Amino acid sequence: MSVSRIVDPVGRGKWAVRVRPQVLPTSLHNSCLEAIEFAHGEVARAGGGEVVIRDPGGQVTDVQLVSPSIQSQVRLSQSPDQSYSRAGTQRETPPRNHALGPREGPPPRRSQDGPPTNSNTQVPTENTRRARFVNRAGGVAKKIWKPFQIITKSILGIAALIAAITLILQFAPGIWHATNWRPVEYSILKDIHAGYNIEYFESKLGNSTLTDRAIPGALGWRKHTFVRREYFVDVIVNETGRVEAYSVVTCNTNFTPTLNAPDGSKVALNSVPLAQSQQPTSSNRVRSDDGTIRQETTEELNNDRILNYFPGRSGSSINSYLEEMSNSGTTASSGWGLYVGISSACIRTSEYPDIFRGSPEYLGSVDEAPTDAINIRERVAANLYCETAPGSPLLMVEDGRFTFASNKGPQLSPEPSFIIGPYWMGLPAELRNIHGTRVFNP
């Protein structure tokens with residue numbers, strides 16, 4: 001009865017011996033030669049047959065005929081009475097040498113590539129030798145290539161990591177600023193003050209968007225307006241480039257900076273009513289009636305101001321609501337002039353008749369202010385903050401404008417004069433947000 005075995009590769013340098021195609025292998029071997037020799041042995045011991053060698057694609061590359069081994073011939077020649085008896089004892093059989101006769105053929109020879117083989121076993125063909133060589137060469141190539149493969153993968157991985165980090169560093173700041181830009185702008189506003197030169201402002205804010213022409217009576221003085229996202233910065237510059245006055249106007253209810261005033265207090269814009277816009281710090285200290293030094297309270301900071309309320313009476317009026325802060329121009333503020341208020345550039349007062357209609361012009365303290373003025377400062381958020389530099393010749397006059405201190409007199413609108421903050425009629429309509437100031441319910 002003819003027996004066959006199939007030898008084919010299974011990957012990772014392994015070769016399998018199977019009884020027939022598409023079944024699990026009976027054994028796995030590290031080389032083609034080893035699998036062929038094992039298959040030869042199985043076929044020879046089973047009584048002879050053929051060994052079929054296939055390539056990875058399943059194509060037959062060689063068929064080797066195998067003769068039966070001596071042991072298989074002995075097994076086939078045994079008679080039934082030579083098997084085990086009913087009692088379970090094995091009957092005596094003649095010695096193998098007498099039963100089989102003398103050994104025929106030359107003695108077993110040792111193969112150059114493996115254990116001794118019988119002369120009846122078929123010698124590997126040329127295809128087998130070629131497969132053996134390819135298998136060995138492939139194993140050597142894998143051993144040589146593996147370190148280079150590891151190095152190459154490492155280099156490519158490092159290069160990819162560097163490229164990813166480069167992209168992150170290149171685009172992350174822009175992405176972060178696109179969604180978290182307000183804190184950046186708040187930081188800028190904390191760093192600029194009156195008394196600096198115009199170049200410093202431009203380094204923080206860029207070039208000014210609007211620049212007024214030279215002002216008659218103020219040779220070399222100019223007014224610059226920086227239009228920023230959701231706010232404006234307005235500066236008055238003298239002939240040497242020094243910023244004599246600086247103001248910021250917030251024009252969006254979501255833009256709520258807290259500024260550092262030179263007297264040490266904090267000024268909140270567009271987040272709390274004007275009457276609560278200033279908060280003290282440890283720097284704000286006053287002398288009590290008994291002569292002791294104590295920290296100034298929030299109520300004192302906000303209610304010791306001088307109100308300069310001049311609501312507009314015509315379409316082109318300034319419509320100014322300014323309050324001079326308690327430490328303005330004093331030693332506590334190192335000579336800075338300090339103002340906080342409401343700019344009509346970012347609120348349409350006519351839309352809030354219960355707040356602004358009928359409000360009188362008023363210049364004086366908070367304690368003596370009329371009810372209408374108190375209503376304004378308690379219902380509307382501060383959206384404007386202003387400073388004048390120490391030693392500046394600018395002084396605020398009654399209608400909410402600056403002029404030179406030497407010009408202050410009985411006239412209402414002396415010349416030259418500078419409007420505090422951007423004049424609403426001087427701003428393009430598309431830059432204004434008439435609903436950009438927070439209003440509170442009573």
# chains A, B, ... in the order shown; residues from 1 in each chain; ligands from 1

$ closest_atom_pairs --of "stretch 361-416 of chain A" --to "stretch 177-192 of chain A" --cutoff "12 Å" --atoms "only C-alpha atoms" --output "CSV"
residue,atom,partner,partner_atom,distance
A:Tyr385,CA,A:Leu189,CA,10.8
A:Cys386,CA,A:Ile192,CA,11.4
A:Glu387,CA,A:Ile192,CA,10.3
A:Ala389,CA,A:Ile192,CA,11.5

$ write_last_selection --atoms "N, CA, C and O atoms" --output "CSV table (one decimal), in the first residue's frame"
chain,number,residue,atom,x,y,z
A,385,TYR,N,-11.3,103.5,30.5
A,385,TYR,CA,-10.3,103.9,31.6
A,385,TYR,C,-9.3,104.8,30.9
A,385,TYR,O,-8.9,104.6,29.7
A,386,CYS,N,-8.8,105.8,31.7
A,386,CYS,CA,-7.9,106.8,31.1
A,386,CYS,C,-6.8,107.2,32.1
A,386,CYS,O,-7.1,107.3,33.3
A,387,GLU,N,-5.6,107.5,31.6
A,387,GLU,CA,-4.5,108.0,32.4
A,387,GLU,C,-3.9,109.2,31.7
A,387,GLU,O,-3.8,109.2,30.4
A,389,ALA,N,0.0,111.2,31.9
A,389,ALA,CA,1.3,110.9,32.4
A,389,ALA,C,1.7,111.9,33.5
A,389,ALA,O,1.2,113.0,33.6

$ select_by_dssp --residues "stretch 162-401 of chain A" --states "strand (DSSP E or B)" --output "PDB file with C-alpha atoms, in the first residue's frame"
ATOM      1  CA  ASN A 197       6.764 106.591  24.139  1.00  0.00           C
ATOM      2  CA  LEU A 210      -6.533 105.905  12.779  1.00  0.00           C
ATOM      3  CA  THR A 211      -4.261 108.947  13.141  1.00  0.00           C
ATOM      4  CA  ILE A 215      -4.149 119.796  16.103  1.00  0.00           C
ATOM      5  CA  ALA A 218      -0.760 122.107  19.762  1.00  0.00           C
ATOM      6  CA  ARG A 222      -1.214 114.084  17.427  1.00  0.00           C
ATOM      7  CA  LYS A 223      -3.957 111.650  18.412  1.00  0.00           C
ATOM      8  CA  HIS A 224      -3.672 107.950  17.486  1.00  0.00           C
ATOM      9  CA  THR A 225      -6.363 105.276  17.719  1.00  0.00           C
ATOM     10  CA  PHE A 226      -5.497 101.570  17.722  1.00  0.00           C
ATOM     11  CA  VAL A 227      -8.494  99.509  16.631  1.00  0.00           C
ATOM     12  CA  ARG A 228      -8.197  96.102  18.254  1.00  0.00           C
ATOM     13  CA  TYR A 231     -11.633  97.239  22.078  1.00  0.00           C
ATOM     14  CA  PHE A 232      -9.936 100.529  21.187  1.00  0.00           C
ATOM     15  CA  VAL A 233      -6.806 102.178  22.531  1.00  0.00           C
ATOM     16  CA  ASP A 234      -6.518 105.952  22.144  1.00  0.00           C
ATOM     17  CA  VAL A 235      -3.318 107.941  22.798  1.00  0.00           C
ATOM     18  CA  ILE A 236      -2.386 111.615  22.717  1.00  0.00           C
ATOM     19  CA  VAL A 237       1.272 112.061  21.728  1.00  0.00           C
ATOM     20  CA  ARG A 242       5.780 110.786  24.562  1.00  0.00           C
ATOM     21  CA  VAL A 243       2.274 109.490  25.285  1.00  0.00           C
ATOM     22  CA  GLU A 244       0.710 112.245  27.410  1.00  0.00           C
ATOM     23  CA  ALA A 245      -2.690 110.512  27.735  1.00  0.00           C
ATOM     24  CA  TYR A 246      -3.806 106.950  27.177  1.00  0.00           C
ATOM     25  CA  SER A 247      -7.318 105.480  27.253  1.00  0.00           C
ATOM     26  CA  VAL A 248      -8.867 102.097  26.532  1.00  0.00           C
ATOM     27  CA  VAL A 249     -12.524 101.494  25.604  1.00  0.00           C
ATOM     28  CA  THR A 250     -13.963  97.969  25.677  1.00  0.00           C
ATOM     29  CA  THR A 258      -8.899  94.190  34.741  1.00  0.00           C
ATOM     30  CA  LEU A 259      -6.279  96.943  34.542  1.00  0.00           C
ATOM     31  CA  ASN A 260      -3.513  97.925  36.939  1.00  0.00           C
ATOM     32  CA  LYS A 266      -7.490  97.327  40.058  1.00  0.00           C
ATOM     33  CA  VAL A 267      -9.992  98.706  37.544  1.00  0.00           C
ATOM     34  CA  ALA A 268     -12.542  96.275  36.041  1.00  0.00           C
ATOM     35  CA  PRO A 273     -21.246  98.630  37.390  1.00  0.00           C
ATOM     36  CA  GLN A 278     -12.340  99.934  41.327  1.00  0.00           C
ATOM     37  CA  GLN A 279     -10.904  97.443  43.830  1.00  0.00           C
ATOM     38  CA  ARG A 285      -3.665 103.005  52.178  1.00  0.00           C
ATOM     39  CA  VAL A 286      -5.132 106.133  53.807  1.00  0.00           C
ATOM     40  CA  ARG A 287      -4.725 107.978  57.091  1.00  0.00           C
ATOM     41  CA  ILE A 293      -2.568 104.305  58.465  1.00  0.00           C
ATOM     42  CA  ARG A 294      -5.024 101.707  57.181  1.00  0.00           C
ATOM     43  CA  GLN A 295      -6.023 100.101  53.894  1.00  0.00           C
ATOM     44  CA  ILE A 306     -15.461 113.637  41.110  1.00  0.00           C
ATOM     45  CA  LEU A 307     -18.212 113.094  38.535  1.00  0.00           C
ATOM     46  CA  ASN A 308     -18.035 114.835  35.142  1.00  0.00           C
ATOM     47  CA  TYR A 309     -21.359 113.908  33.483  1.00  0.00           C
ATOM     48  CA  PHE A 310     -22.187 115.790  30.281  1.00  0.00           C
ATOM     49  CA  SER A 320     -19.440 111.936  28.163  1.00  0.00           C
ATOM     50  CA  TYR A 321     -19.751 110.206  31.569  1.00  0.00           C
ATOM     51  CA  LEU A 322     -16.378 110.415  33.314  1.00  0.00           C
ATOM     52  CA  GLU A 323     -15.275 110.093  36.919  1.00  0.00           C
ATOM     53  CA  GLU A 324     -11.945 111.349  38.194  1.00  0.00           C
ATOM     54  CA  GLY A 337      -4.172 111.487  36.317  1.00  0.00           C
ATOM     55  CA  LEU A 338      -6.715 108.642  36.610  1.00  0.00           C
ATOM     56  CA  TYR A 339     -10.219 108.480  35.120  1.00  0.00           C
ATOM     57  CA  VAL A 340     -12.908 105.829  34.639  1.00  0.00           C
ATOM     58  CA  GLY A 341     -16.283 106.132  32.945  1.00  0.00           C
ATOM     59  CA  ILE A 342     -18.662 105.331  30.093  1.00  0.00           C
ATOM     60  CA  ILE A 347     -23.406 102.071  23.815  1.00  0.00           C
ATOM     61  CA  TYR A 362     -23.351 117.316  36.657  1.00  0.00           C
ATOM     62  CA  LEU A 363     -19.897 118.164  37.955  1.00  0.00           C
ATOM     63  CA  GLY A 364     -19.273 117.320  41.600  1.00  0.00           C
ATOM     64  CA  SER A 365     -18.862 114.625  44.246  1.00  0.00           C
ATOM     65  CA  VAL A 380     -24.080 100.655  33.499  1.00  0.00           C
ATOM     66  CA  ALA A 381     -20.642  99.035  33.484  1.00  0.00           C
ATOM     67  CA  LEU A 384     -13.514 103.401  29.602  1.00  0.00           C
ATOM     68  CA  TYR A 385     -10.288 103.871  31.564  1.00  0.00           C
ATOM     69  CA  CYS A 386      -7.901 106.796  31.076  1.00  0.00           C
ATOM     70  CA  GLU A 387      -4.509 107.972  32.373  1.00  0.00           C
ATOM     71  CA  THR A 388      -2.460 111.133  31.945  1.00  0.00           C
ATOM     72  CA  LEU A 394      -3.172 118.052  30.061  1.00  0.00           C
ATOM     73  CA  LEU A 395      -6.137 118.749  32.313  1.00  0.00           C
ATOM     74  CA  MET A 396      -9.752 117.634  32.014  1.00  0.00           C
ATOM     75  CA  ARG A 401     -12.172 116.844  27.181  1.00  0.00           C
TER      76      ARG A 401
END

$ atom_distance --atom1 "atom CA of A:Gln276" --atom2 "atom CA of A:Asn302"
6.2 Å

$ closest_residue --among "A:Glu430, A:Glu42, A:Asp212, A:Glu230" --to "A:Asn254" --atoms "only C-alpha atoms"
A:Glu230

$ select_by_dssp --residues "stretch 211-402 of chain A" --states "helix (DSSP H, G or I)" --output "PyMOL selection string"
chain A and resi 274-276+298-303+331-333+344-346+349-351+353-356+371-379

$ closest_residue --among "A:Pro416, A:Gly49, A:Pro393, A:Gly220" --to "A:Gln64" --atoms "only C-alpha atoms"
A:Gly49

$ residues_around --residues "A:Asn375" --least-positions-apart "5" --cutoff "10 Å" --atoms "only C-alpha atoms" --output "ChimeraX atom specification"
/A:275,354-356,359,370,380,442
